[in-house]
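Colleague: I'd like to ask some things about the structure below.
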Amino acid sequence: MKWIINYKRQLLVITILVTLFLGYGMRNLVIDFNFESFYPKGLPEAVFYKKFQETFTEDQNYMISLALKSPEKDVFDVNFLKKADSLFTIISQYDHVDSFIIGTQFGYPKRSGMGSVKQVPYFNLDSQEEVDAAREKIEKDTAITGTIITKDQKYICSHYLVEPEFYDSKAKDTLVAKMDAILESNNIEYIATGVPYIRSEYSRKLRFEAFLFPMLCSVMIAIFLIITFRNFYLVVIPLVTVLLGGVWTYGLMATIGQPINLLTNLIIPVILVVGISDIVHITTKYLHELKAGLLPDKAMRVTLEEIGFATFLTCITTATGFASLSLSDPEFMKPLIQSLGIKYIFGEDIPPIRNFGIYGCFGVVSTYFISITLIPNILTLIPKEKLMSARSFEGSKKWDSVLLWILKTSTGNKGKVIAVFLAIILFCVYWTFQIPTNMHMLEELTHKDPVRKSLTFFEKNLFGVRPFEMEVRAKGGKTLMDREVLLEVEKIQRYLQKDTTFNLFISPVTFIKSANYVYHFNRPKYFAIPDSQETIDEIYAFAEASGDNTDFLRHILTEDNKKGRISARTADEGSDTHREKEEKLKEFIRQNCNLNLFEYQITGHGHLTENSLNYLRDNLMNGLIIDFIVIGLVMGLVFRSFRMVILGLLPNMIPLLATSAVMGMAGITLTASTSIIFVVIFGIAVDDTLHFMAHYKLEIDKGVPKKDAIRITMLETGKAMILTSVILLSGYSILLTSTFGSTVWIGLFSLMTIVFAILTDLFLSPLLIYYFGPEEKIQKPEMEKSHTEV
């Protein structure tokens, strides 16, 4: 790596120019979160759902629900209702509100005369007496209780549909902010939810954490560097260097137009702590050589030859962890792999995961490049005497005594140590299989989060938060308005209605029943499918002619009446529960319905979100396989020894098993977010193992006996391994401050994995190398030169 010293000025110019370019691009950085982006592009269910949305707009994706609480014992207070009506109406007039259902103005259809139908409001707000008169009717009407007024009668609700084209714009945040502002200024208690509202809240939280994480991480790194080196230069220079890696990463994302989302928000803390780890290895070795009497340039050359290649390997392994996420499901890989006659085992493209992998990989590599070019060149420009006072832990008797005790305990108790680790592995394997997989729609939010609490409120007091959608298609020349087809669809709807978690049904069946009910002047016995086809046709014509029902009809039926939808709301009981219910529903349809008359497919935002997360979670295991293969190949290339590859990979399986065992014992759900941990953290955990093995290889190459080589390696790399693990722990600990439950779990499990990894590296790796590692000189790749050749 002499080129780093030989071309220091050119590298500095390149680094400055790229930093200026990407730093300027950061001005365009945006933050957003889109649930639909997690749908695999080529997944048949995702393709079908897109067509379903084009035919029947899933209004629930664009709906904001708002509930206002009465300060009195219930909502039947005329003063409260007037205030609520005023606020509901003001909000309905905001820009980008397409349509609305205002609770205080909600009514029921009633036939008037021969053909006209008018909406009769439940409430008359002229006096308290009028409101009291409406109470009895409202309490008996399920159309309003549990949908507009909560079951405990303390809240009244309105629903607003935003314009679909505005759904992905920043204007939704403005709408939500205006709504919150007017409600808070009127000192009224409220609860709001809905996909646009949730997305706006997600974006707000992400904006805060996108600022908080780098700031906290920088503070943690600065504190660590102060404690470690106690030298101004060795605090400021490394900190600025890794922050430049963050600038490059965010700058590239902004230049390309990639917004920060829930996943990419985690990249900066990761690359900061990983980058500082490499810098600590380089700086510690450089100080060691300076104190050994070498001049700065010579000391840096020795450092780069002995440490530079090891840090390069750790960069490759960490970048592999991220890259495997982008390679585990890319569209461009499929034809290439199939052309080679290899079975394509990966899934479809999932943009957030792919982007997390791409930009994470870029961040790690760019931070390494900046570190390996800036740090050596800047440090060699600083006078030697200004660095000699820096603390480097060299010759510390406490360090040496602790590390030698660990080595003696490990190698001197072979049977006991191996027995302990085998017991740990068996224990972990058992608990790994106990990990629950029942995911909920907002699994990434904690139960105390206001957004999740709002959803829970609506689920308990009004209606379910999980949308259910089924497309029904008539067969054999029939239409959904044929009586025999309607009766079959009604069987499905009645089956669903037996489950009390389902409510708010919209379907061809509810349409024709409601039209029949109104047609016969709201007499309850007529809320049913008419007895004859002629009556159905008559009622259908009546409904089309009565008021503006065309838009509503197109929400549940196509113009030719060949396709329709069954839409409802249900409780969010978890993916496993919903999958079981869907299987039972399919079995009921197979046994009780005439499938010669119609066909169906379950779809919708809730169904697809859960299936996509399950699909993603399972597919991430492919990334872990890629991790093992690529890192194994890197070890094989470097050490030219199959035994060394096995000895390097084996200890790093234990931290992953230990972390998964903790998840099983704690009953923590395996979600897509927690699955990502295993893919990324493996590439980071293996870094210390590579440093240990690379230094051992260096000593063996010098002709040092195995026992002495392990002892020297433990003393010289053990300190840096512990220090870098402390850095990783401090860096990942900031994720525990997140308001997103998934981010907290990622931080917590990463901390556990790092702790398990350093314990395994210190106690198991020396033992395995001592008893099973090669003693002879390991053949070096041509790319590496020895210390003596420098």
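Residue numbers start at 1 in each chain; chains themselves are named A, B, ... in the order of the structure tokens; ligands are numbered from 1 in the order shown.
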Taking the chain letters and numbering used in this document, name the residues of stretch 539-675 of chain A that DSSP puts in strand (DSSP E), as a tab-separated table (two decimals) with N, CA and C atoms, in the first residue's frame.

Modeller:
chain	number	residue	atom	x	y	z
A	563	LYS	N	-66.78	-7.94	-12.44
A	563	LYS	CA	-65.86	-7.96	-11.30
A	563	LYS	C	-66.42	-7.11	-10.17
A	564	GLY	N	-66.14	-7.55	-8.95
A	564	GLY	CA	-66.56	-6.80	-7.77
A	564	GLY	C	-65.60	-7.05	-6.63
A	565	ARG	N	-65.87	-6.39	-5.54
A	565	ARG	CA	-64.98	-6.52	-4.38
A	565	ARG	C	-65.80	-6.74	-3.11
A	566	ILE	N	-65.20	-7.48	-2.20
A	566	ILE	CA	-65.70	-7.55	-0.82
A	566	ILE	C	-64.65	-6.84	0.01
A	567	SER	N	-65.01	-5.71	0.58
A	567	SER	CA	-64.09	-4.91	1.36
A	567	SER	C	-64.59	-4.82	2.80
A	568	ALA	N	-63.67	-4.92	3.74
A	568	ALA	CA	-64.05	-4.86	5.16
A	568	ALA	C	-62.86	-4.42	5.98
A	569	ARG	N	-63.08	-4.23	7.24
A	569	ARG	CA	-62.02	-3.95	8.21
A	569	ARG	C	-62.01	-5.07	9.23
A	570	THR	N	-60.82	-5.40	9.72
A	570	THR	CA	-60.70	-6.44	10.74
A	570	THR	C	-59.59	-6.06	11.71
A	598	PHE	N	-68.26	-18.38	-9.98
A	598	PHE	CA	-67.36	-17.25	-9.72
A	598	PHE	C	-65.97	-17.77	-9.33
A	599	GLU	N	-65.02	-16.86	-9.39
A	599	GLU	CA	-63.67	-17.10	-8.86
A	599	GLU	C	-63.29	-15.89	-8.02
A	600	TYR	N	-62.26	-16.04	-7.20
A	600	TYR	CA	-61.93	-14.97	-6.26
A	600	TYR	C	-60.42	-14.94	-5.99
A	601	GLN	N	-59.97	-13.85	-5.41
A	601	GLN	CA	-58.59	-13.74	-4.93
A	601	GLN	C	-58.53	-12.74	-3.80
A	602	ILE	N	-57.92	-13.15	-2.69
A	602	ILE	CA	-57.74	-12.26	-1.54
A	602	ILE	C	-56.56	-11.33	-1.83
A	603	THR	N	-56.74	-10.05	-1.55
A	603	THR	CA	-55.69	-9.08	-1.82
A	603	THR	C	-55.82	-7.94	-0.81

Colleague: I'd like the contact shell of A:Gly574 - 10 Å cut-off, only C-alpha atoms, skipping same-chain residues fewer than 4 positions apart - returned as a list in words.

Modeller: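 Surrounding residues, per the criterion: Thr437, Asn438, Met439, His440, Met441, Leu442, Glu443, Arg466, His578, Arg579 and Glu610 of chain A.
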
Colleague: Counting only C-alpha atoms, which of A:Met179, A:Ser127, A:Leu422, A:Val451 gets nearest to A:Tyr94?

Modeller: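 For A:Tyr94, the nearest of the given residues is A:Met179.
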
Colleague: Would you list the contacts of A:Ile256 as a JSON list (two decimals) with N, CA, C and O atoms, in the first residue's frame, taking every protein, DNA or RNA residue within 12 Å and counting only C-alpha atoms, but skipping same-chain residues closer than 2 positions in sequence?

Modeller:
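Dumped to part36.json:
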[["chain", "number", "residue", "atom", "x", "y", "z"],
["A", 22, "LEU", "N", -20.52, 15.88, -3.46],
["A", 22, "LEU", "CA", -21.59, 15.16, -2.77],
["A", 22, "LEU", "C", -22.16, 15.98, -1.62],
["A", 22, "LEU", "O", -23.36, 15.88, -1.32],
["A", 25, "GLY", "N", -24.67, 18.20, -2.99],
["A", 25, "GLY", "CA", -25.88, 17.46, -3.35],
["A", 25, "GLY", "C", -26.78, 17.18, -2.17],
["A", 25, "GLY", "O", -27.98, 16.90, -2.35],
["A", 26, "MET", "N", -26.25, 17.25, -0.94],
["A", 26, "MET", "CA", -27.06, 16.94, 0.24],
["A", 26, "MET", "C", -28.22, 17.91, 0.43],
["A", 26, "MET", "O", -29.15, 17.61, 1.18],
["A", 28, "ASN", "N", -30.50, 18.44, -1.44],
["A", 28, "ASN", "CA", -31.72, 17.85, -2.01],
["A", 28, "ASN", "C", -32.19, 16.61, -1.25],
["A", 28, "ASN", "O", -33.08, 15.91, -1.72],
["A", 29, "LEU", "N", -31.59, 16.35, -0.11],
["A", 29, "LEU", "CA", -31.94, 15.14, 0.65],
["A", 29, "LEU", "C", -33.35, 15.26, 1.20],
["A", 29, "LEU", "O", -33.72, 16.28, 1.79],
["A", 30, "VAL", "N", -34.16, 14.22, 0.99],
["A", 30, "VAL", "CA", -35.54, 14.21, 1.50],
["A", 30, "VAL", "C", -35.75, 12.98, 2.37],
["A", 30, "VAL", "O", -35.00, 12.01, 2.30],
["A", 249, "THR", "N", -22.15, 9.38, 1.72],
["A", 249, "THR", "CA", -23.30, 8.47, 1.60],
["A", 249, "THR", "C", -24.59, 9.24, 1.42],
["A", 249, "THR", "O", -25.37, 8.98, 0.48],
["A", 250, "TYR", "N", -24.86, 10.19, 2.31],
["A", 250, "TYR", "CA", -26.09, 11.00, 2.18],
["A", 250, "TYR", "C", -26.06, 11.82, 0.90],
["A", 250, "TYR", "O", -27.09, 12.05, 0.26],
["A", 251, "GLY", "N", -24.86, 12.32, 0.52],
["A", 251, "GLY", "CA", -24.74, 13.10, -0.70],
["A", 251, "GLY", "C", -25.09, 12.29, -1.93],
["A", 251, "GLY", "O", -25.78, 12.78, -2.83],
["A", 252, "LEU", "N", -24.64, 11.04, -1.98],
["A", 252, "LEU", "CA", -24.97, 10.18, -3.11],
["A", 252, "LEU", "C", -26.47, 9.90, -3.15],
["A", 252, "LEU", "O", -27.09, 9.94, -4.22],
["A", 253, "MET", "N", -27.06, 9.61, -1.99],
["A", 253, "MET", "CA", -28.50, 9.36, -1.94],
["A", 253, "MET", "C", -29.28, 10.57, -2.44],
["A", 253, "MET", "O", -30.24, 10.43, -3.21],
["A", 254, "ALA", "N", -28.87, 11.77, -2.01],
["A", 254, "ALA", "CA", -29.58, 12.98, -2.42],
["A", 254, "ALA", "C", -29.39, 13.24, -3.91],
["A", 254, "ALA", "O", -30.34, 13.65, -4.60],
["A", 258, "GLN", "N", -32.69, 9.38, -3.82],
["A", 258, "GLN", "CA", -33.14, 8.34, -2.90],
["A", 258, "GLN", "C", -33.46, 8.96, -1.53],
["A", 258, "GLN", "O", -32.58, 9.50, -0.88],
["A", 259, "PRO", "N", -34.72, 8.90, -1.07],
["A", 259, "PRO", "CA", -35.04, 9.48, 0.24],
["A", 259, "PRO", "C", -34.55, 8.61, 1.39],
["A", 259, "PRO", "O", -34.31, 7.42, 1.23],
["A", 260, "ILE", "N", -34.42, 9.23, 2.55],
["A", 260, "ILE", "CA", -34.11, 8.48, 3.77],
["A", 260, "ILE", "C", -35.39, 7.82, 4.25],
["A", 260, "ILE", "O", -36.42, 8.47, 4.38],
["A", 355, "ASN", "N", -31.88, -0.90, -1.75],
["A", 355, "ASN", "CA", -31.23, 0.39, -1.54],
["A", 355, "ASN", "C", -30.44, 0.42, -0.24],
["A", 355, "ASN", "O", -29.36, 1.02, -0.17],
["A", 359, "TYR", "N", -26.52, 1.42, -0.61],
["A", 359, "TYR", "CA", -25.96, 2.60, 0.02],
["A", 359, "TYR", "C", -25.17, 2.26, 1.28],
["A", 359, "TYR", "O", -24.22, 2.96, 1.63]]

Colleague: May I ask which of the residues A:Thr753, A:Thr717, A:Thr674, A:Thr432 is the closest one to A:Ser660, counting only C-alpha atoms?

Modeller: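 Counting only C-alpha atoms, the residue closest to A:Ser660 is A:Thr432.
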
Colleague: Extract, using only C-alpha atoms, all DNA, RNA and protein residues at most 10 Å from stretch 534-537 of chain A, discarding same-chain residues fewer than 2 positions from it, and format them as a compact mmCIF listing (two decimals) with C-alpha atoms, in the first residue's frame.

Modeller:
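Resulting contents of selection.txt:
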# COMPACT_ATOMS: atom_id res chain seq x y z
CA MET A 481 -75.83 -8.93 -10.32
CA ASP A 482 -77.23 -12.37 -11.19
CA ARG A 483 -79.14 -13.65 -8.19
CA ILE A 512 -78.09 -4.63 -3.41
CA LYS A 513 -79.39 -5.26 0.14
CA ALA A 515 -80.79 -0.54 -2.26
CA ASN A 516 -83.63 -3.02 -1.61
CA ILE A 529 -81.29 -10.07 -1.55
CA PRO A 530 -84.60 -9.88 -3.48
CA ASP A 531 -86.41 -13.11 -4.28
CA SER A 532 -86.33 -12.72 -8.06
CA ILE A 539 -83.66 -2.23 -7.80
CA TYR A 540 -80.30 -1.91 -9.58
CA ALA A 541 -81.88 0.51 -12.08
CA PHE A 542 -83.51 2.39 -9.19
CA ALA A 543 -80.16 2.74 -7.41

Colleague: So which residues touch stretch 157-160 of chain A within 8 Å, counting only C-alpha atoms, skipping near sequence neighbours fewer than 4 positions away, as a tab-separated table (two decimals) with all heavy atoms, in the first residue's frame?

Modeller:
chain	number	residue	atom	x	y	z
A	63	MET	N	-57.31	7.45	3.48
A	63	MET	CA	-58.28	7.96	4.46
A	63	MET	C	-57.60	8.34	5.78
A	63	MET	O	-56.78	7.60	6.31
A	63	MET	CB	-59.36	6.91	4.73
A	63	MET	CG	-60.47	7.42	5.64
A	63	MET	SD	-61.86	6.27	5.74
A	63	MET	CE	-61.14	4.94	6.71
A	64	ILE	N	-57.96	9.53	6.27
A	64	ILE	CA	-57.58	9.96	7.61
A	64	ILE	C	-58.84	9.93	8.47
A	64	ILE	O	-59.86	10.53	8.11
A	64	ILE	CB	-57.00	11.39	7.61
A	64	ILE	CG1	-55.69	11.42	6.81
A	64	ILE	CG2	-56.74	11.87	9.03
A	64	ILE	CD1	-55.08	12.81	6.69
A	65	SER	N	-58.77	9.22	9.58
A	65	SER	CA	-59.91	9.15	10.51
A	65	SER	C	-59.58	9.99	11.74
A	65	SER	O	-58.48	9.90	12.29
A	65	SER	CB	-60.18	7.69	10.93
A	65	SER	OG	-60.56	6.93	9.81
A	66	LEU	N	-60.55	10.81	12.14
A	66	LEU	CA	-60.36	11.74	13.25
A	66	LEU	C	-61.50	11.59	14.25
A	66	LEU	O	-62.67	11.68	13.88
A	66	LEU	CB	-60.31	13.18	12.72
A	66	LEU	CG	-60.28	14.30	13.76
A	66	LEU	CD1	-58.99	14.24	14.58
A	66	LEU	CD2	-60.41	15.66	13.06
A	67	ALA	N	-61.15	11.35	15.51
A	67	ALA	CA	-62.15	11.20	16.58
A	67	ALA	C	-61.95	12.32	17.60
A	67	ALA	O	-60.84	12.52	18.09
A	67	ALA	CB	-62.01	9.84	17.24
A	68	LEU	N	-63.04	13.04	17.91
A	68	LEU	CA	-63.00	14.11	18.91
A	68	LEU	C	-63.71	13.65	20.18
A	68	LEU	O	-64.78	13.05	20.10
A	68	LEU	CB	-63.68	15.37	18.36
A	68	LEU	CG	-63.12	15.96	17.06
A	68	LEU	CD1	-63.85	17.25	16.72
A	68	LEU	CD2	-61.63	16.20	17.18
A	88	PHE	N	-64.77	19.89	12.20
A	88	PHE	CA	-64.85	18.89	11.12
A	88	PHE	C	-65.01	19.57	9.76
A	88	PHE	O	-64.38	19.19	8.78
A	88	PHE	CB	-66.02	17.93	11.36
A	88	PHE	CG	-65.78	16.89	12.42
A	88	PHE	CD1	-66.83	16.43	13.21
A	88	PHE	CD2	-64.51	16.36	12.62
A	88	PHE	CE1	-66.63	15.47	14.18
A	88	PHE	CE2	-64.30	15.39	13.60
A	88	PHE	CZ	-65.36	14.94	14.38
A	92	SER	N	-62.50	19.75	6.46
A	92	SER	CA	-62.96	19.22	5.17
A	92	SER	C	-62.69	20.18	4.02
A	92	SER	O	-62.67	19.78	2.86
A	92	SER	CB	-64.46	18.91	5.24
A	92	SER	OG	-65.22	20.11	5.30
A	97	VAL	N	-58.14	17.67	0.29
A	97	VAL	CA	-59.15	16.78	0.84
A	97	VAL	C	-60.17	16.53	-0.26
A	97	VAL	O	-60.88	17.45	-0.70
A	97	VAL	CB	-59.83	17.38	2.09
A	97	VAL	CG1	-60.98	16.48	2.53
A	97	VAL	CG2	-58.82	17.53	3.21
A	98	ASP	N	-60.23	15.31	-0.74
A	98	ASP	CA	-61.04	14.98	-1.91
A	98	ASP	C	-62.52	14.81	-1.56
A	98	ASP	O	-63.40	15.33	-2.22
A	98	ASP	CB	-60.50	13.71	-2.56
A	98	ASP	CG	-61.23	13.36	-3.85
A	98	ASP	OD1	-61.26	14.21	-4.74
A	98	ASP	OD2	-61.78	12.24	-3.93
A	99	SER	N	-62.80	14.04	-0.52
A	99	SER	CA	-64.17	13.81	-0.05
A	99	SER	C	-64.13	13.51	1.43
A	99	SER	O	-63.05	13.32	2.01
A	99	SER	CB	-64.83	12.66	-0.83
A	99	SER	OG	-64.06	11.48	-0.70
A	100	PHE	N	-65.30	13.45	2.04
A	100	PHE	CA	-65.31	13.31	3.50
A	100	PHE	C	-66.66	12.79	3.98
A	100	PHE	O	-67.67	12.89	3.29
A	100	PHE	CB	-65.00	14.64	4.17
A	100	PHE	CG	-65.75	15.80	3.59
A	100	PHE	CD1	-67.05	16.11	4.01
A	100	PHE	CD2	-65.18	16.58	2.60
A	100	PHE	CE1	-67.75	17.16	3.46
A	100	PHE	CE2	-65.89	17.64	2.04
A	100	PHE	CZ	-67.18	17.93	2.47
A	101	ILE	N	-66.63	12.22	5.18
A	101	ILE	CA	-67.85	11.84	5.91
A	101	ILE	C	-67.75	12.52	7.27
A	101	ILE	O	-66.89	12.16	8.09
A	101	ILE	CB	-67.96	10.31	6.08
A	101	ILE	CG1	-68.05	9.62	4.71
A	101	ILE	CG2	-69.19	9.97	6.93
A	101	ILE	CD1	-68.02	8.10	4.82
A	102	ILE	N	-68.57	13.53	7.50
A	102	ILE	CA	-68.52	14.29	8.75
A	102	ILE	C	-69.52	13.68	9.73
A	102	ILE	O	-70.72	13.56	9.43
A	102	ILE	CB	-68.83	15.78	8.50
A	102	ILE	CG1	-67.72	16.38	7.64
A	102	ILE	CG2	-68.97	16.53	9.81
A	102	ILE	CD1	-67.91	17.84	7.31
A	103	GLY	N	-69.03	13.29	10.88
A	103	GLY	CA	-69.85	12.57	11.85
A	103	GLY	C	-71.08	13.33	12.29
A	103	GLY	O	-72.17	12.76	12.44
A	147	THR	N	-68.99	3.12	14.22
A	147	THR	CA	-68.34	3.64	13.01
A	147	THR	C	-68.17	5.16	13.09
A	147	THR	O	-67.13	5.69	12.73
A	147	THR	CB	-69.16	3.30	11.75
A	147	THR	OG1	-70.48	3.82	11.90
A	147	THR	CG2	-69.22	1.81	11.53
A	148	ILE	N	-69.20	5.85	13.55
A	148	ILE	CA	-69.15	7.30	13.70
A	148	ILE	C	-69.05	7.69	15.17
A	148	ILE	O	-68.31	8.62	15.53
A	148	ILE	CB	-70.39	7.96	13.06
A	148	ILE	CG1	-70.43	7.67	11.56
A	148	ILE	CG2	-70.39	9.47	13.31
A	148	ILE	CD1	-69.24	8.22	10.78
A	149	ILE	N	-69.77	6.99	16.01
A	149	ILE	CA	-69.71	7.23	17.47
A	149	ILE	C	-69.16	5.98	18.14
A	149	ILE	O	-69.56	4.86	17.81
A	149	ILE	CB	-71.12	7.57	18.02
A	149	ILE	CG1	-71.62	8.87	17.41
A	149	ILE	CG2	-71.09	7.67	19.54
A	149	ILE	CD1	-73.03	9.25	17.83
A	150	THR	N	-68.21	6.18	19.06
A	150	THR	CA	-67.61	5.03	19.74
A	150	THR	C	-68.63	4.32	20.61
A	150	THR	O	-69.66	4.89	20.97
A	150	THR	CB	-66.42	5.47	20.61
A	150	THR	OG1	-66.86	6.47	21.53
A	150	THR	CG2	-65.30	6.04	19.76

Colleague: Report, in Å with one decimal, the straight-line distance from atom CA of A:Tyr526 to atom CA of A:Ser507.

Modeller: 17.2 Å

Colleague: I'd like the neighbourhood of stretch 581-596 of chain A as a CSV table (one decimal) with N, CA, C and O atoms, in the first residue's frame, where a residue qualifies if any of its atoms comes within 9 Å (using only C-alpha atoms), though same-chain residues fewer than 5 positions away should be ignored.

Modeller:
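The result, written out as selection_22.csv:
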chain,number,residue,atom,x,y,z
A,474,ALA,N,-67.2,-13.0,-11.8
A,474,ALA,CA,-68.3,-13.9,-12.3
A,474,ALA,C,-67.7,-14.8,-13.4
A,474,ALA,O,-66.9,-14.3,-14.2
A,475,LYS,N,-68.2,-16.0,-13.5
A,475,LYS,CA,-67.8,-16.9,-14.6
A,475,LYS,C,-69.0,-17.4,-15.4
A,475,LYS,O,-70.1,-17.2,-15.1
A,476,GLY,N,-68.6,-18.0,-16.5
A,476,GLY,CA,-69.7,-18.7,-17.4
A,476,GLY,C,-70.7,-17.7,-17.9
A,476,GLY,O,-71.9,-18.1,-18.0
A,485,VAL,N,-75.4,-15.8,-8.4
A,485,VAL,CA,-74.0,-15.4,-8.0
A,485,VAL,C,-74.0,-14.6,-6.7
A,485,VAL,O,-73.2,-14.8,-5.8
A,488,GLU,N,-74.1,-16.8,-3.7
A,488,GLU,CA,-72.9,-17.4,-3.4
A,488,GLU,C,-71.9,-16.4,-2.7
A,488,GLU,O,-71.2,-16.8,-1.8
A,489,VAL,N,-71.9,-15.2,-3.2
A,489,VAL,CA,-71.0,-14.2,-2.6
A,489,VAL,C,-71.5,-13.9,-1.1
A,489,VAL,O,-70.8,-13.6,-0.2
A,491,LYS,N,-72.8,-16.0,0.9
A,491,LYS,CA,-72.3,-17.0,1.8
A,491,LYS,C,-70.9,-16.6,2.4
A,491,LYS,O,-70.6,-16.8,3.5
A,492,ILE,N,-70.1,-16.1,1.5
A,492,ILE,CA,-68.7,-15.7,1.9
A,492,ILE,C,-68.8,-14.5,3.0
A,492,ILE,O,-68.2,-14.6,4.0
A,495,TYR,N,-70.1,-15.8,6.3
A,495,TYR,CA,-69.0,-16.5,7.0
A,495,TYR,C,-68.1,-15.5,7.7
A,495,TYR,O,-67.7,-15.7,8.9
A,496,LEU,N,-67.7,-14.4,7.0
A,496,LEU,CA,-66.8,-13.4,7.5
A,496,LEU,C,-67.5,-12.7,8.7
A,496,LEU,O,-66.8,-12.4,9.7
A,576,ASP,N,-49.6,-14.6,11.4
A,576,ASP,CA,-49.9,-16.0,11.5
A,576,ASP,C,-51.4,-16.3,11.6
A,576,ASP,O,-52.0,-17.2,11.0
A,602,ILE,N,-57.9,-13.2,-2.7
A,602,ILE,CA,-57.7,-12.3,-1.5
A,602,ILE,C,-56.6,-11.3,-1.8
A,602,ILE,O,-55.5,-11.8,-2.3

Colleague: Could you pull out the alpha helix (DSSP H) residues of stretch 338-579 of chain A, going by DSSP on the backbone, and write them as a PyMOL selection string?

Modeller: chain A and resi 338-339+351-381+397-412+414-432+450-461+483-497+508-519+533-545+550-556+575-579

Colleague: Using only C-alpha atoms, which residues sit within 7 Å of stretch 679-687 of chain A once same-chain residues fewer than 2 positions away are excluded, as a VMD selection string?

Modeller: chain A and resid 314 317 to 318 320 to 322 623 to 624 652 676 to 677 689 to 691 750 754 757

Colleague: Would you compute the distance between atom CA of A:Ile144 and atom CA of A:Arg452? Give it in Å to one decimal.

Modeller: 24.1 Å

Colleague: Hey, which of A:Phe427, A:Phe463, A:Trp248, A:Phe692 ends up closest to A:Leu762? Count only C-alpha atoms.

Modeller: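 Looking only at the distances to A:Leu762, the closest residue turns out to be A:Phe692.
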